[in-house]
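Just start08.pdb here, PDB, C-alpha atoms, pLDDT in the B column:
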```pdb
MODEL        1
ATOM      1  CA  MET A  25       0.000   0.000   0.000  1.00 33.00           C
ATOM      2  CA  LEU A  26       1.310   3.448  -0.890  1.00 33.00           C
ATOM      3  CA  HIS A  27       1.186   6.456   1.408  1.00 34.00           C
ATOM      4  CA  MET A  28       1.788  10.132   0.786  1.00 32.00           C
ATOM      5  CA  LEU A  29       4.915  11.693   2.299  1.00 39.00           C
ATOM      6  CA  LYS A  30       4.626  15.078   3.957  1.00 35.00           C
ATOM      7  CA  VAL A  31       6.037  17.670   1.571  1.00 35.00           C
ATOM      8  CA  PHE A  32       6.660  21.378   2.015  1.00 35.00           C
ATOM      9  CA  VAL A  33       5.430  23.243  -1.055  1.00 33.00           C
ATOM     10  CA  PRO A  34       5.155  27.047  -1.126  1.00 35.00           C
ATOM     11  CA  PRO A  35       1.776  28.329  -2.342  1.00 32.00           C
ATOM     12  CA  SER A  36       3.235  29.377  -5.690  1.00 31.00           C
ATOM     13  CA  ILE A  37       4.763  25.971  -6.460  1.00 31.00           C
ATOM     14  CA  THR A  38       2.996  22.942  -7.859  1.00 30.00           C
ATOM     15  CA  LYS A  39       3.301  19.934  -5.565  1.00 34.00           C
ATOM     16  CA  PRO A  40       5.601  17.180  -6.957  1.00 36.00           C
ATOM     17  CA  VAL A  41       4.417  13.612  -7.236  1.00 35.00           C
ATOM     18  CA  VAL A  42       5.487  11.939  -3.982  1.00 38.00           C
ATOM     19  CA  THR A  43       4.472   8.483  -2.851  1.00 34.00           C
ATOM     20  CA  SER A  44       5.786   6.183  -0.168  1.00 34.00           C
ATOM     21  CA  CYS A  45       5.688   2.760   1.316  1.00 34.00           C
ATOM     22  CA  LEU A  46       7.566   1.335   4.284  1.00 31.00           C
ATOM     23  CA  LEU A  47      11.290   2.009   4.098  1.00 39.00           C
ATOM     24  CA  LEU A  48      13.290  -0.831   5.622  1.00 36.00           C
ATOM     25  CA  LEU A  49      14.964   1.218   8.330  1.00 40.00           C
ATOM     26  CA  ALA A  50      16.587  -0.579  11.251  1.00 39.00           C
ATOM     27  CA  ILE A  51      17.018   1.750  14.215  1.00 36.00           C
ATOM     28  CA  GLY A  52      18.650   0.859  17.486  1.00 36.00           C
ATOM     29  CA  VAL A  53      19.813   4.170  18.913  1.00 42.00           C
ATOM     30  CA  ARG A  54      20.921   4.449  22.500  1.00 40.00           C
ATOM     31  CA  GLY A  55      21.546   8.035  23.573  1.00 39.00           C
ATOM     32  CA  ALA A  56      19.711   9.438  20.551  1.00 41.00           C
ATOM     33  CA  SER A  57      16.114  10.638  20.297  1.00 40.00           C
ATOM     34  CA  ALA A  58      15.292   8.500  17.247  1.00 42.00           C
ATOM     35  CA  GLU A  59      12.370   6.670  18.874  1.00 41.00           C
ATOM     36  CA  ALA A  60      14.236   3.379  18.790  1.00 35.00           C
ATOM     37  CA  ASN A  61      12.590  -0.016  18.816  1.00 32.00           C
ATOM     38  CA  ASP A  62       8.983   1.170  18.973  1.00 39.00           C
ATOM     39  CA  GLY A  63       8.159   0.741  15.298  1.00 37.00           C
ATOM     40  CA  SER A  64       7.348   4.401  14.717  1.00 42.00           C
ATOM     41  CA  TRP A  65      10.049   4.716  12.040  1.00 46.00           C
ATOM     42  CA  ALA A  66       7.691   2.845   9.701  1.00 48.00           C
ATOM     43  CA  ASP A  67       5.237   5.754   9.672  1.00 52.00           C
ATOM     44  CA  PRO A  68       5.658   7.687   6.378  1.00 66.00           C
ATOM     45  CA  ALA A  69       4.809  10.877   8.285  1.00 67.00           C
ATOM     46  CA  LYS A  70       8.299  10.599   9.783  1.00 69.00           C
ATOM     47  CA  TRP A  71       9.776  11.719   6.447  1.00 82.00           C
ATOM     48  CA  VAL A  72       9.714  15.235   5.024  1.00 95.00           C
ATOM     49  CA  VAL A  73      10.481  16.089   1.395  1.00 95.00           C
ATOM     50  CA  GLU A  74      11.561  19.542   0.205  1.00 97.00           C
ATOM     51  CA  GLN A  75      11.754  19.566  -3.597  1.00 97.00           C
ATOM     52  CA  ARG A  76      11.567  22.022  -6.443  1.00 97.00           C
ATOM     53  CA  PRO A  77       8.950  21.404  -9.163  1.00 97.00           C
ATOM     54  CA  GLY A  78       9.458  18.712 -11.754  1.00 96.00           C
ATOM     55  CA  GLY A  79      10.946  15.928  -9.658  1.00 96.00           C
ATOM     56  CA  SER A  80       9.597  13.131  -7.501  1.00 95.00           C
ATOM     57  CA  VAL A  81      10.420  11.103  -4.409  1.00 92.00           C
ATOM     58  CA  GLN A  82       9.125   7.583  -3.920  1.00 88.00           C
ATOM     59  CA  LEU A  83       9.511   5.081  -1.082  1.00 85.00           C
ATOM     60  CA  GLU A  84       8.490   1.612  -2.087  1.00 79.00           C
ATOM     61  CA  GLY A  85       9.636  -1.907  -1.301  1.00 74.00           C
ATOM     62  CA  GLY A  86      12.478  -0.796   0.965  1.00 77.00           C
ATOM     63  CA  THR A  87      13.863   1.696  -1.550  1.00 86.00           C
ATOM     64  CA  LEU A  88      13.951   5.486  -1.492  1.00 89.00           C
ATOM     65  CA  GLU A  89      14.190   6.811  -5.046  1.00 92.00           C
ATOM     66  CA  ILE A  90      14.770  10.469  -5.885  1.00 95.00           C
ATOM     67  CA  LYS A  91      14.357  11.880  -9.378  1.00 97.00           C
ATOM     68  CA  ASP A  92      15.196  15.550  -9.341  1.00 97.00           C
ATOM     69  CA  VAL A  93      15.288  18.624 -11.550  1.00 96.00           C
ATOM     70  CA  GLY A  94      15.830  21.695  -9.382  1.00 96.00           C
ATOM     71  CA  GLY A  95      16.961  20.487  -5.950  1.00 98.00           C
ATOM     72  CA  CYS A  96      15.679  18.063  -3.313  1.00 98.00           C
ATOM     73  CA  THR A  97      16.310  17.203   0.334  1.00 98.00           C
ATOM     74  CA  VAL A  98      14.595  14.249   2.021  1.00 95.00           C
ATOM     75  CA  TRP A  99      14.680  14.524   5.827  1.00 96.00           C
ATOM     76  CA  TRP A 100      14.253  11.911   8.538  1.00 94.00           C
ATOM     77  CA  ARG A 101      11.784  13.854  10.638  1.00 90.00           C
ATOM     78  CA  THR A 102      13.013  12.877  14.112  1.00 90.00           C
ATOM     79  CA  LYS A 103      15.877  14.797  15.680  1.00 95.00           C
ATOM     80  CA  LEU A 104      19.003  12.749  16.409  1.00 97.00           C
ATOM     81  CA  THR A 105      21.353  13.170  19.355  1.00 97.00           C
ATOM     82  CA  ALA A 106      25.073  12.330  19.417  1.00 98.00           C
ATOM     83  CA  PRO A 107      26.651   9.829  19.585  1.00 98.00           C
ATOM     84  CA  VAL A 108      24.986   8.749  16.368  1.00 98.00           C
ATOM     85  CA  GLU A 109      25.943   6.735  13.297  1.00 98.00           C
ATOM     86  CA  ILE A 110      23.955   6.747  10.037  1.00 96.00           C
ATOM     87  CA  ARG A 111      24.526   4.119   7.354  1.00 95.00           C
ATOM     88  CA  TYR A 112      22.945   3.641   3.952  1.00 94.00           C
ATOM     89  CA  THR A 113      23.618   2.336   0.454  1.00 96.00           C
ATOM     90  CA  ALA A 114      23.374   4.918  -2.329  1.00 97.00           C
ATOM     91  CA  VAL A 115      23.517   4.676  -6.123  1.00 98.00           C
ATOM     92  CA  VAL A 116      23.628   7.530  -8.628  1.00 98.00           C
ATOM     93  CA  LEU A 117      21.741   5.975 -11.515  1.00 97.00           C
ATOM     94  CA  MET A 118      22.825   6.520 -15.102  1.00 96.00           C
ATOM     95  CA  GLU A 119      20.331   4.730 -17.338  1.00 90.00           C
ATOM     96  CA  ASP A 120      19.872   7.300 -20.120  1.00 86.00           C
ATOM     97  CA  GLY A 121      16.778   8.618 -18.374  1.00 87.00           C
ATOM     98  CA  PRO A 122      15.655  12.252 -18.251  1.00 91.00           C
ATOM     99  CA  PHE A 123      16.885  12.706 -14.665  1.00 95.00           C
ATOM    100  CA  ASP A 124      20.265  11.026 -15.074  1.00 94.00           C
ATOM    101  CA  ARG A 125      23.290  13.189 -14.294  1.00 96.00           C
ATOM    102  CA  LEU A 126      26.420  11.931 -12.555  1.00 98.00           C
ATOM    103  CA  SER A 127      26.537  14.452  -9.743  1.00 98.00           C
ATOM    104  CA  ASP A 128      25.529  15.315  -6.179  1.00 98.00           C
ATOM    105  CA  LEU A 129      25.274  12.369  -3.826  1.00 98.00           C
ATOM    106  CA  ASN A 130      24.954  14.762  -0.889  1.00 98.00           C
ATOM    107  CA  CYS A 131      23.844  14.728   2.740  1.00 98.00           C
ATOM    108  CA  PHE A 132      23.230  16.838   5.827  1.00 98.00           C
ATOM    109  CA  TRP A 133      23.539  15.574   9.383  1.00 98.00           C
ATOM    110  CA  MET A 134      23.089  17.183  12.798  1.00 98.00           C
ATOM    111  CA  ALA A 135      21.221  19.976  10.995  1.00 98.00           C
ATOM    112  CA  SER A 136      19.208  22.602  12.861  1.00 98.00           C
ATOM    113  CA  ASP A 137      17.794  26.082  12.391  1.00 97.00           C
ATOM    114  CA  PRO A 138      19.414  28.451  14.931  1.00 96.00           C
ATOM    115  CA  GLU A 139      16.216  30.517  15.001  1.00 94.00           C
ATOM    116  CA  HIS A 140      14.087  27.432  15.755  1.00 96.00           C
ATOM    117  CA  PRO A 141      16.469  24.834  17.238  1.00 95.00           C
ATOM    118  CA  GLU A 142      13.680  22.521  18.397  1.00 95.00           C
ATOM    119  CA  ASP A 143      11.784  22.359  15.102  1.00 96.00           C
ATOM    120  CA  LEU A 144      13.500  22.188  11.737  1.00 97.00           C
ATOM    121  CA  PHE A 145      10.083  22.073  10.056  1.00 96.00           C
ATOM    122  CA  HIS A 146       8.455  25.039  11.771  1.00 94.00           C
ATOM    123  CA  SER A 147       5.740  26.903   9.933  1.00 92.00           C
ATOM    124  CA  GLY A 148       7.256  29.423   7.575  1.00 91.00           C
ATOM    125  CA  HIS A 149      10.733  27.883   7.333  1.00 95.00           C
ATOM    126  CA  GLY A 150      10.624  28.714   3.617  1.00 94.00           C
ATOM    127  CA  ARG A 151      12.840  25.922   2.288  1.00 96.00           C
ATOM    128  CA  THR A 152      11.811  24.866  -1.208  1.00 96.00           C
ATOM    129  CA  GLY A 153      14.585  22.434  -2.107  1.00 97.00           C
ATOM    130  CA  ALA A 154      16.763  25.158  -3.646  1.00 97.00           C
ATOM    131  CA  PHE A 155      20.308  24.799  -2.298  1.00 97.00           C
ATOM    132  CA  ALA A 156      20.635  28.393  -1.088  1.00 95.00           C
ATOM    133  CA  ASP A 157      17.657  27.854   1.229  1.00 96.00           C
ATOM    134  CA  TYR A 158      19.885  25.756   3.533  1.00 97.00           C
ATOM    135  CA  ASP A 159      22.551  28.401   4.150  1.00 96.00           C
ATOM    136  CA  ALA A 160      20.821  29.505   7.359  1.00 95.00           C
ATOM    137  CA  LEU A 161      21.211  26.083   8.981  1.00 97.00           C
ATOM    138  CA  GLN A 162      23.840  24.807  11.368  1.00 97.00           C
ATOM    139  CA  THR A 163      24.858  21.428   9.986  1.00 98.00           C
ATOM    140  CA  TYR A 164      27.528  19.104   8.706  1.00 98.00           C
ATOM    141  CA  TYR A 165      27.355  18.652   4.950  1.00 98.00           C
ATOM    142  CA  VAL A 166      29.093  16.563   2.320  1.00 98.00           C
ATOM    143  CA  GLY A 167      28.637  17.267  -1.360  1.00 98.00           C
ATOM    144  CA  TYR A 168      29.966  14.076  -2.924  1.00 98.00           C
ATOM    145  CA  GLY A 169      30.643  14.461  -6.633  1.00 98.00           C
ATOM    146  CA  GLY A 170      29.212  17.973  -6.773  1.00 98.00           C
ATOM    147  CA  ASN A 171      29.639  20.556  -9.509  1.00 97.00           C
ATOM    148  CA  TYR A 172      29.091  18.031 -12.300  1.00 97.00           C
ATOM    149  CA  ASN A 173      31.210  15.427 -10.498  1.00 98.00           C
ATOM    150  CA  SER A 174      34.290  17.629 -10.204  1.00 98.00           C
ATOM    151  CA  THR A 175      34.443  18.141  -6.396  1.00 98.00           C
ATOM    152  CA  THR A 176      33.802  16.284  -3.149  1.00 98.00           C
ATOM    153  CA  ARG A 177      33.596  18.630  -0.168  1.00 98.00           C
ATOM    154  CA  PHE A 178      32.886  18.679   3.549  1.00 98.00           C
ATOM    155  CA  ARG A 179      31.572  21.810   5.229  1.00 98.00           C
ATOM    156  CA  ARG A 180      30.356  22.816   8.659  1.00 98.00           C
ATOM    157  CA  TYR A 181      27.581  25.343   8.196  1.00 98.00           C
ATOM    158  CA  ALA A 182      27.799  27.931  10.963  1.00 96.00           C
ATOM    159  CA  GLY A 183      24.204  29.173  10.648  1.00 95.00           C
ATOM    160  CA  GLY A 184      23.154  32.443   9.073  1.00 87.00           C
ATOM    161  CA  GLY A 185      25.201  32.009   5.911  1.00 82.00           C
ATOM    162  CA  PRO A 186      28.878  31.148   6.630  1.00 88.00           C
ATOM    163  CA  LYS A 187      29.946  27.686   5.466  1.00 94.00           C
ATOM    164  CA  PRO A 188      33.746  27.775   5.283  1.00 94.00           C
ATOM    165  CA  LEU A 189      35.648  25.266   3.172  1.00 97.00           C
ATOM    166  CA  LEU A 190      39.020  24.093   4.495  1.00 96.00           C
ATOM    167  CA  PRO A 191      41.606  23.163   1.820  1.00 97.00           C
ATOM    168  CA  GLU A 192      41.860  19.587   3.107  1.00 97.00           C
ATOM    169  CA  HIS A 193      38.081  19.244   2.721  1.00 98.00           C
ATOM    170  CA  ASP A 194      38.088  20.103  -1.000  1.00 98.00           C
ATOM    171  CA  LEU A 195      38.842  16.891  -2.921  1.00 98.00           C
ATOM    172  CA  ARG A 196      39.048  16.787  -6.694  1.00 98.00           C
ATOM    173  CA  GLU A 197      40.989  13.607  -7.470  1.00 98.00           C
ATOM    174  CA  PRO A 198      39.170  10.815  -9.400  1.00 97.00           C
ATOM    175  CA  PRO A 199      39.262   8.344  -6.467  1.00 97.00           C
ATOM    176  CA  PHE A 200      36.977  10.739  -4.554  1.00 98.00           C
ATOM    177  CA  LEU A 201      34.502  11.366  -7.369  1.00 98.00           C
ATOM    178  CA  LEU A 202      31.413   9.411  -8.395  1.00 98.00           C
ATOM    179  CA  GLU A 203      31.166   6.319 -10.543  1.00 98.00           C
ATOM    180  CA  PRO A 204      27.854   5.658 -12.329  1.00 98.00           C
ATOM    181  CA  ASN A 205      25.602   2.902 -10.980  1.00 98.00           C
ATOM    182  CA  HIS A 206      28.017   2.044  -8.163  1.00 98.00           C
ATOM    183  CA  ALA A 207      26.461   1.025  -4.830  1.00 98.00           C
ATOM    184  CA  TYR A 208      28.235   3.262  -2.319  1.00 98.00           C
ATOM    185  CA  GLU A 209      28.187   2.307   1.356  1.00 98.00           C
ATOM    186  CA  ILE A 210      27.924   5.619   3.204  1.00 98.00           C
ATOM    187  CA  ARG A 211      28.531   6.025   6.942  1.00 98.00           C
ATOM    188  CA  LEU A 212      28.101   9.296   8.846  1.00 98.00           C
ATOM    189  CA  VAL A 213      29.282   9.752  12.443  1.00 98.00           C
ATOM    190  CA  ALA A 214      28.802  12.519  15.009  1.00 98.00           C
ATOM    191  CA  LYS A 215      30.015  12.240  18.618  1.00 98.00           C
ATOM    192  CA  PRO A 216      29.505  14.576  21.585  1.00 98.00           C
ATOM    193  CA  ASP A 217      33.260  15.297  21.807  1.00 97.00           C
ATOM    194  CA  GLY A 218      33.273  16.801  18.311  1.00 98.00           C
ATOM    195  CA  VAL A 219      34.382  13.796  16.246  1.00 98.00           C
ATOM    196  CA  VAL A 220      32.660  14.069  12.845  1.00 98.00           C
ATOM    197  CA  GLN A 221      33.378  11.476  10.171  1.00 98.00           C
ATOM    198  CA  TYR A 222      32.281  10.544   6.667  1.00 98.00           C
ATOM    199  CA  TYR A 223      33.077   7.082   5.309  1.00 98.00           C
ATOM    200  CA  ARG A 224      32.590   5.777   1.770  1.00 98.00           C
ATOM    201  CA  ASP A 225      32.867   2.037   1.096  1.00 98.00           C
ATOM    202  CA  GLY A 226      34.644   1.584   4.410  1.00 98.00           C
ATOM    203  CA  GLU A 227      37.224   4.316   3.714  1.00 98.00           C
ATOM    204  CA  LEU A 228      37.414   7.359   5.993  1.00 98.00           C
ATOM    205  CA  VAL A 229      37.146  10.307   3.602  1.00 98.00           C
ATOM    206  CA  PHE A 230      36.591  13.200   6.039  1.00 98.00           C
ATOM    207  CA  ASP A 231      37.687  13.229   9.691  1.00 98.00           C
ATOM    208  CA  TYR A 232      36.895  16.517  11.423  1.00 98.00           C
ATOM    209  CA  ARG A 233      37.284  17.583  15.045  1.00 98.00           C
ATOM    210  CA  ASP A 234      34.673  20.252  15.708  1.00 98.00           C
ATOM    211  CA  PRO A 235      35.657  22.670  18.520  1.00 97.00           C
ATOM    212  CA  GLU A 236      31.966  23.572  18.869  1.00 97.00           C
ATOM    213  CA  PRO A 237      30.203  20.250  18.256  1.00 98.00           C
ATOM    214  CA  LEU A 238      26.706  20.020  16.840  1.00 98.00           C
ATOM    215  CA  ARG A 239      25.363  17.449  19.306  1.00 98.00           C
ATOM    216  CA  GLU A 240      21.813  17.190  18.002  1.00 98.00           C
ATOM    217  CA  GLY A 241      19.954  17.790  14.779  1.00 98.00           C
ATOM    218  CA  TRP A 242      18.360  16.233  11.721  1.00 98.00           C
ATOM    219  CA  PHE A 243      19.627  13.985   8.918  1.00 98.00           C
ATOM    220  CA  GLY A 244      18.786  14.546   5.262  1.00 97.00           C
ATOM    221  CA  ILE A 245      19.713  13.135   1.857  1.00 96.00           C
ATOM    222  CA  ARG A 246      20.311  15.818  -0.734  1.00 98.00           C
ATOM    223  CA  THR A 247      20.686  15.990  -4.517  1.00 98.00           C
ATOM    224  CA  VAL A 248      19.994  18.142  -7.562  1.00 98.00           C
ATOM    225  CA  LYS A 249      19.409  17.251 -11.225  1.00 97.00           C
ATOM    226  CA  SER A 250      20.121  13.583 -10.658  1.00 98.00           C
ATOM    227  CA  HIS A 251      18.594  10.176  -9.955  1.00 98.00           C
ATOM    228  CA  LEU A 252      19.429   8.557  -6.592  1.00 97.00           C
ATOM    229  CA  ARG A 253      18.431   5.207  -5.144  1.00 95.00           C
ATOM    230  CA  ILE A 254      18.843   4.694  -1.377  1.00 92.00           C
ATOM    231  CA  THR A 255      18.518   1.374   0.482  1.00 90.00           C
ATOM    232  CA  ASN A 256      19.641  -0.295   3.724  1.00 90.00           C
ATOM    233  CA  LEU A 257      19.299   2.768   5.921  1.00 89.00           C
ATOM    234  CA  GLU A 258      20.277   2.277   9.573  1.00 92.00           C
ATOM    235  CA  ILE A 259      20.558   4.791  12.405  1.00 94.00           C
ATOM    236  CA  ARG A 260      22.230   3.672  15.613  1.00 93.00           C
ATOM    237  CA  SER A 261      24.333   4.825  18.521  1.00 93.00           C
ATOM    238  CA  ALA A 262      27.975   5.436  17.590  1.00 88.00           C
ATOM    239  CA  GLU A 263      30.459   3.557  19.736  1.00 75.00           C
TER     240      GLU A 263
ENDMDL
END
```
Transcribe the structure of this file into C-alpha cells.
Amino acid sequence: MLHMLKVFVPPSITKPVVTSCLLLLAIGVRGASAEANDGSWADPAKWVVEQRPGGSVQLEGGTLEIKDVGGCTVWWRTKLTAPVEIRYTAVVLMEDGPFDRLSDLNCFWMASDPEHPEDLFHSGHGRTGAFADYDALQTYYVGYGGNYNSTTRFRRYAGGGPKPLLPEHDLREPPFLLEPNHAYEIRLVAKPDGVVQYYRDGELVFDYRDPEPLREGWFGIRTVKSHLRITNLEIRSAE
C-alpha cells in the first residue's frame, strides 16, 4: 500500500508527485532521540520532502528513489542526538533517463535552524529544495561528486550564511569522485566530543574535530538534477 509523504510546497509551487511505502529502516539508537525499537520509524509521516517542481520522491519496497530537476532534500523527521551513526547504500543511476546526471550524492547531518532549534520544520521555514535555502542552517554537509562530479567537499555550516571550506576538505581527485551505478556504502558519524566522520565504502574520507560540536539535529539526503536510489538505511548509537 502506498502512502503520501509530507512535503513542504510554497503556495506558488505545484506539488511534486510523492508516494511512499515502508522504508526498511533498522534503528537501534541508544543516547539518541530516534524513537528506537517502537516501530514508529515505519510511519511515512516521519519523512519530510523539500523539492523544487518537476521531480519526484518515492519510497516503495524498501527503496527510497529520488528523481530531481531543481533540488531536493529528504529529511528523517526525528531529531538525532550524538553519539549517532547513520549508514545507507546509495547509487547515482545513469540509465539514459531524463533525470540522469552523474553528480551530487549529498547529505546533511546534525542539521538545525538556529532561530528554531527545536523544530527544523516550523511553519514558515521557507525551504523549497533550492540549495541556497539551507545556508541559514547549522549542519555538517558533504557534497559528494558535486559541480558536475568535479568536487567532493565537507563543510560545517555555521548558521546564518557562513559555510567555510578548508583546503583539506576540497577533494578533486578521481578516487573521490562518483562512478555511475556504483552502490556506495555511506557512513556518517557525530560524537559529543566533536568527532565528525564521513566514510565511503569503508574508507574514511573526512575526519573533522569540531571545537563547537553540533550534538543534536536532523539527517537529510540531498541531490539536484540527478537520480538517486537509497537502500539499507540504519541509524544507531555510535560507539
Do you know which residues are at most 12 Å from A:Tyr158 counting all atoms listed in the file, after dropping those on the same chain fewer than 2 positions away, and could you put them as an mmCIF file with C-alpha atoms, in the frame of the given file?
```cif
data_model
loop_
_atom_site.group_PDB
_atom_site.id
_atom_site.type_symbol
_atom_site.label_atom_id
_atom_site.label_comp_id
_atom_site.auth_asym_id
_atom_site.auth_seq_id
_atom_site.Cartn_x
_atom_site.Cartn_y
_atom_site.Cartn_z
ATOM 1 C CA GLU A 74 11.561 19.542 0.205
ATOM 2 C CA GLY A 95 16.961 20.487 -5.950
ATOM 3 C CA CYS A 96 15.679 18.063 -3.313
ATOM 4 C CA THR A 97 16.310 17.203 0.334
ATOM 5 C CA CYS A 131 23.844 14.728 2.740
ATOM 6 C CA PHE A 132 23.230 16.838 5.827
ATOM 7 C CA ALA A 135 21.221 19.976 10.995
ATOM 8 C CA SER A 136 19.208 22.602 12.861
ATOM 9 C CA ASP A 137 17.794 26.082 12.391
ATOM 10 C CA PRO A 138 19.414 28.451 14.931
ATOM 11 C CA LEU A 144 13.500 22.188 11.737
ATOM 12 C CA HIS A 149 10.733 27.883 7.333
ATOM 13 C CA GLY A 150 10.624 28.714 3.617
ATOM 14 C CA ARG A 151 12.840 25.922 2.288
ATOM 15 C CA THR A 152 11.811 24.866 -1.208
ATOM 16 C CA GLY A 153 14.585 22.434 -2.107
ATOM 17 C CA ALA A 154 16.763 25.158 -3.646
ATOM 18 C CA PHE A 155 20.308 24.799 -2.298
ATOM 19 C CA ALA A 156 20.635 28.393 -1.088
ATOM 20 C CA ALA A 160 20.821 29.505 7.359
ATOM 21 C CA LEU A 161 21.211 26.083 8.981
ATOM 22 C CA GLN A 162 23.840 24.807 11.368
ATOM 23 C CA THR A 163 24.858 21.428 9.986
ATOM 24 C CA TYR A 164 27.528 19.104 8.706
ATOM 25 C CA TYR A 165 27.355 18.652 4.950
ATOM 26 C CA TYR A 181 27.581 25.343 8.196
ATOM 27 C CA ALA A 182 27.799 27.931 10.963
ATOM 28 C CA GLY A 183 24.204 29.173 10.648
ATOM 29 C CA GLY A 184 23.154 32.443 9.073
ATOM 30 C CA GLY A 185 25.201 32.009 5.911
ATOM 31 C CA PRO A 186 28.878 31.148 6.630
ATOM 32 C CA LYS A 187 29.946 27.686 5.466
ATOM 33 C CA GLY A 244 18.786 14.546 5.262
ATOM 34 C CA ARG A 246 20.311 15.818 -0.734
#
```
For atom CA of A:Tyr232 and atom CA of A:Ile90, the interatomic separation in Å (one decimal)
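Taking atom CA of A:Tyr232 as the start and atom CA of A:Ile90 as the end point, the length is 28.7 Å.
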In Å and to one decimal, atom CA of A:Arg179 is distant from atom CA of A:Ile210 by 16.7 Å
I need the output of the PyMOL selection byres ((chain A and resi 205) around 6) for this file as JSON, numbers by chain; which residues are they?
{"A": [115, 116, 117, 204, 206]}
Determine, counting only C-alpha atoms, which protein, DNA and RNA residues have an atom within 10 Å of an atom of A:His251; residues of the same chain fewer than 5 positions away are not included. Present the result as number ranges by chain.
A: 79-81, 89-93, 115-119, 121-129
Once you've located stretch 173-192 of chain A in the structure I gave, write it as an mmCIF file, in the first residue's frame, keeping N, CA and C atoms.
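The result, written out as decode07.cif:
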```cif
data_model
loop_
_atom_site.group_PDB
_atom_site.id
_atom_site.type_symbol
_atom_site.label_atom_id
_atom_site.label_comp_id
_atom_site.auth_asym_id
_atom_site.auth_seq_id
_atom_site.Cartn_x
_atom_site.Cartn_y
_atom_site.Cartn_z
ATOM 1 N N ASN A 173 30.254 16.475 -10.873
ATOM 2 C CA ASN A 173 31.210 15.427 -10.498
ATOM 3 C C ASN A 173 32.660 15.892 -10.621
ATOM 4 N N SER A 174 32.922 17.118 -10.177
ATOM 5 C CA SER A 174 34.290 17.629 -10.204
ATOM 6 C C SER A 174 34.850 17.886 -8.798
ATOM 7 N N THR A 175 33.992 17.875 -7.764
ATOM 8 C CA THR A 175 34.443 18.141 -6.396
ATOM 9 C C THR A 175 33.715 17.238 -5.407
ATOM 10 N N THR A 176 34.410 16.906 -4.324
ATOM 11 C CA THR A 176 33.802 16.284 -3.149
ATOM 12 C C THR A 176 34.252 17.092 -1.939
ATOM 13 N N ARG A 177 33.279 17.633 -1.191
ATOM 14 C CA ARG A 177 33.596 18.630 -0.168
ATOM 15 C C ARG A 177 32.830 18.373 1.127
ATOM 16 N N PHE A 178 33.517 18.665 2.231
ATOM 17 C CA PHE A 178 32.886 18.679 3.549
ATOM 18 C C PHE A 178 32.847 20.114 4.054
ATOM 19 N N ARG A 179 31.703 20.493 4.622
ATOM 20 C CA ARG A 179 31.572 21.810 5.229
ATOM 21 C C ARG A 179 30.825 21.704 6.558
ATOM 22 N N ARG A 180 31.159 22.601 7.460
ATOM 23 C CA ARG A 180 30.356 22.816 8.659
ATOM 24 C C ARG A 180 29.653 24.155 8.498
ATOM 25 N N TYR A 181 28.349 24.108 8.307
ATOM 26 C CA TYR A 181 27.581 25.343 8.196
ATOM 27 C C TYR A 181 27.469 25.969 9.589
ATOM 28 N N ALA A 182 27.792 27.243 9.669
ATOM 29 C CA ALA A 182 27.799 27.931 10.963
ATOM 30 C C ALA A 182 26.439 28.497 11.341
ATOM 31 N N GLY A 183 25.500 28.543 10.398
ATOM 32 C CA GLY A 183 24.204 29.173 10.648
ATOM 33 C C GLY A 183 24.238 30.619 10.222
ATOM 34 N N GLY A 184 23.217 31.045 9.495
ATOM 35 C CA GLY A 184 23.154 32.443 9.073
ATOM 36 C C GLY A 184 23.960 32.756 7.835
ATOM 37 N N GLY A 185 24.509 31.750 7.163
ATOM 38 C CA GLY A 185 25.201 32.009 5.911
ATOM 39 C C GLY A 185 26.600 31.436 5.797
ATOM 40 N N PRO A 186 27.509 31.658 6.788
ATOM 41 C CA PRO A 186 28.878 31.148 6.630
ATOM 42 C C PRO A 186 28.939 29.627 6.551
ATOM 43 N N LYS A 187 29.712 29.130 5.601
ATOM 44 C CA LYS A 187 29.946 27.686 5.466
ATOM 45 C C LYS A 187 31.360 27.501 4.901
ATOM 46 N N PRO A 188 32.351 27.778 5.751
ATOM 47 C CA PRO A 188 33.746 27.775 5.283
ATOM 48 C C PRO A 188 34.172 26.420 4.734
ATOM 49 N N LEU A 189 35.098 26.463 3.786
ATOM 50 C CA LEU A 189 35.648 25.266 3.172
ATOM 51 C C LEU A 189 37.148 25.236 3.441
ATOM 52 N N LEU A 190 37.598 24.254 4.232
ATOM 53 C CA LEU A 190 39.020 24.093 4.495
ATOM 54 C C LEU A 190 39.685 23.410 3.297
ATOM 55 N N PRO A 191 40.947 23.755 2.989
ATOM 56 C CA PRO A 191 41.606 23.163 1.820
ATOM 57 C C PRO A 191 41.617 21.639 1.841
ATOM 58 N N GLU A 192 41.808 21.047 3.021
ATOM 59 C CA GLU A 192 41.860 19.587 3.107
ATOM 60 C C GLU A 192 40.499 18.934 2.931
#
```
